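Novice: Can you read through this structure? Questions will come right after.
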Amino acid sequence: MSLTLRVLAPDQSVFDGTAEEVILPSTTGQVGILPGHVTMLAALDTGVMRLRSAGAWSTIALMGGFAEVEADEVTVLVNGAELGSSIDAAAAEAAFEAAQSAAASFEGQASSPEKVKASQALATARARFQASKAL
């Protein structure tokens with residue numbers, strides 16, 4: 001048995017195929033989906049989705065959204081997404097380090113729009129960097 005998986009961003013269909021297993025970064029923690037999973041709707045955080053297809057694992061960086069599981073069909077609607085295999089690992093690492101420095105400069109300060117933007121940029125850079133690494 002397998003799952004039908006669709007990952008959709010506003011500007012593109014990132015993945016449309018089958019998978020034996022999917023691990024999603026929900027806002028309450030990692031959620032594993034296998035065939036026969038109960039119907040579910042989950043809010044997704046910025047993070048890395050992992051999927052096993054044809055026995056091999058691959059990754060997709062997700063930029064927040066929602067996932068619906070129903071009758072062995074998983075539909076993931078996100079604000080943005082990138083296949084891990086299409087991300088330049090060196091560039092992603094450099095962007096992650098830069099985002100860490102930017103976020104650290106706001107440490108101990110009161111919340112501000114700039115601090116929130118730096119935190120969001122760090123989460124996005126972390127997801128891209130983690131997705132770019134081989135499993």
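Following the order of the structure tokens, first chain is A, next is B, and so on, with residues numbered from 1 inside each chain and ligands from 1 in the order they appear.
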Do you have, as CSV, the list of residues of segment 67-125 of chain A lying at most 8 Å from segment 34-56 of chain A, each with its nearest atom pair and that distance in Å to one decimal, counting only C-alpha atoms and ordered by chain then number?
Specialist:
residue,atom,partner,partner_atom,distance
A:Ala67,CA,A:Ala42,CA,5.2
A:Glu68,CA,A:Leu41,CA,4.5
A:Val69,CA,A:Met40,CA,5.0
A:Glu70,CA,A:Thr39,CA,4.7
A:Ala71,CA,A:Thr39,CA,7.0
A:Asp72,CA,A:Pro35,CA,5.5
A:Ala123,CA,A:Thr46,CA,6.3
A:Thr124,CA,A:Thr46,CA,6.4
Novice: Could those selected residues go to a file with N, CA and C atoms, as a PDB file, in the first residue's frame?
Specialist:
ATOM      1  N   ALA A  67      -1.915  20.475   6.204  1.00  0.00           N
ATOM      2  CA  ALA A  67      -1.917  19.149   5.587  1.00  0.00           C
ATOM      3  C   ALA A  67      -3.241  18.475   5.898  1.00  0.00           C
ATOM      4  N   GLU A  68      -3.778  17.810   4.887  1.00  0.00           N
ATOM      5  CA  GLU A  68      -5.007  17.041   5.060  1.00  0.00           C
ATOM      6  C   GLU A  68      -4.708  15.597   4.698  1.00  0.00           C
ATOM      7  N   VAL A  69      -5.136  14.672   5.560  1.00  0.00           N
ATOM      8  CA  VAL A  69      -4.991  13.241   5.301  1.00  0.00           C
ATOM      9  C   VAL A  69      -6.398  12.669   5.236  1.00  0.00           C
ATOM     10  N   GLU A  70      -6.711  11.996   4.126  1.00  0.00           N
ATOM     11  CA  GLU A  70      -8.023  11.377   3.981  1.00  0.00           C
ATOM     12  C   GLU A  70      -7.930  10.234   2.981  1.00  0.00           C
ATOM     13  N   ALA A  71      -8.293   9.036   3.416  1.00  0.00           N
ATOM     14  CA  ALA A  71      -8.354   7.850   2.554  1.00  0.00           C
ATOM     15  C   ALA A  71      -7.057   7.631   1.774  1.00  0.00           C
ATOM     16  N   ASP A  72      -5.930   7.584   2.474  1.00  0.00           N
ATOM     17  CA  ASP A  72      -4.607   7.352   1.872  1.00  0.00           C
ATOM     18  C   ASP A  72      -4.201   8.429   0.876  1.00  0.00           C
ATOM     19  N   ALA A 123      14.056  30.593  10.711  1.00  0.00           N
ATOM     20  CA  ALA A 123      13.310  29.335  10.551  1.00  0.00           C
ATOM     21  C   ALA A 123      13.350  28.859   9.099  1.00  0.00           C
ATOM     22  N   THR A 124      13.188  29.773   8.167  1.00  0.00           N
ATOM     23  CA  THR A 124      13.229  29.421   6.742  1.00  0.00           C
ATOM     24  C   THR A 124      14.619  28.934   6.344  1.00  0.00           C
TER      25      THR A 124
END
Novice: Counting only C-alpha atoms, what is within 8 Å of Ala103 of chain A, bar same-chain residues fewer than 4 positions away, as JSON, numbers by chain?
Specialist: {"A": [99, 107, 115, 118, 119, 122]}
Novice: Could you please take those selected residues and save N, CA, C and O atoms as an mmCIF file, in the first residue's frame?
Specialist:
data_model
loop_
_atom_site.group_PDB
_atom_site.id
_atom_site.type_symbol
_atom_site.label_atom_id
_atom_site.label_comp_id
_atom_site.auth_asym_id
_atom_site.auth_seq_id
_atom_site.Cartn_x
_atom_site.Cartn_y
_atom_site.Cartn_z
ATOM 1 N N ALA A 99 21.524 34.162 8.950
ATOM 2 C CA ALA A 99 20.247 34.334 9.650
ATOM 3 C C ALA A 99 20.428 34.147 11.157
ATOM 4 O O ALA A 99 19.779 34.844 11.950
ATOM 5 N N GLU A 107 18.613 39.317 20.408
ATOM 6 C CA GLU A 107 18.450 38.568 21.650
ATOM 7 C C GLU A 107 18.378 39.522 22.839
ATOM 8 O O GLU A 107 19.170 40.460 22.952
ATOM 9 N N LYS A 115 12.577 41.987 14.801
ATOM 10 C CA LYS A 115 12.912 40.749 15.509
ATOM 11 C C LYS A 115 12.077 39.585 14.970
ATOM 12 O O LYS A 115 12.591 38.481 14.780
ATOM 13 N N ALA A 118 13.447 38.588 11.582
ATOM 14 C CA ALA A 118 14.703 37.850 11.737
ATOM 15 C C ALA A 118 14.431 36.422 12.191
ATOM 16 O O ALA A 118 15.081 35.478 11.724
ATOM 17 N N SER A 119 13.467 36.247 13.079
ATOM 18 C CA SER A 119 13.107 34.910 13.558
ATOM 19 C C SER A 119 12.513 34.065 12.428
ATOM 20 O O SER A 119 12.838 32.886 12.287
ATOM 21 N N LEU A 122 15.257 33.068 10.055
ATOM 22 C CA LEU A 122 16.061 31.990 10.636
ATOM 23 C C LEU A 122 15.359 30.644 10.458
ATOM 24 O O LEU A 122 15.992 29.654 10.075
#
Novice: Looking at A:Asp88, A:Thr75, A:Glu97, A:Ser111, which one is nearest to Lys133 of chain A, with distances taken over only C-alpha atoms?
Specialist: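 The answer is A:Asp88, which sits nearest to Lys133 of chain A.
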Novice: Mind checking which residues fall within 8 Å of Ile33 of chain A, counting only C-alpha atoms, ignoring those fewer than 2 positions away in the same chain, and posting them as an MDAnalysis selection string?
Specialist: chainID A and resid 21:24 31 35 37
Novice: Can you pull out every residue from segment 41-130 of chain A that DSSP, working from the backbone, puts in alpha helix (DSSP H), and format the result as a PyMOL selection string?
Specialist: chain A and resi 89-104+113-130
Novice: Point out the residue among A:Gln100, A:Thr28, A:Ser58, A:Thr18 with the least atom-to-atom distance to Ala131 of chain A, counting only C-alpha atoms.
Specialist: A:Ser58
Novice: Pick the closest to Arg128 of chain A from A:Ser112, A:Leu83, A:Phe106, A:Ala61: which is it, counting only C-alpha atoms?
Specialist: A:Ala61
Novice: Suppose you want the space between atom CA of Gln120 of chain A and atom CA of Leu5 of chain A; what is it in Å?
Specialist: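 Between these atoms lies a distance of 26.6 Å.
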Novice: Go ahead and compute the interatomic distance for atom CA of Ala91 of chain A and atom CA of Arg126 of chain A, in Å to one decimal.
Specialist: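 Answer for the atom CA of Ala91 of chain A to atom CA of Arg126 of chain A separation: 11.9 Å.
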Novice: Do you have the atom CA of Glu82 of chain A-atom CA of Arg6 of chain A distance handy?
Specialist: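 These two atoms are separated by 13.3 Å.
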Novice: Using only C-alpha atoms, which residue out of A:Thr4, A:Gln12, A:Ser132, A:Gln30 lies closest to Glu93 of chain A?
Specialist: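 The shortest atom-to-atom distance to Glu93 of chain A comes from A:Ser132.
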Novice: Quick one: of A:Met1, A:Gly84, A:Glu73, A:Val116, who's nearest to Thr59 of chain A, counting only C-alpha atoms?
Specialist: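 Smallest separation from Thr59 of chain A among the options: A:Gly84.
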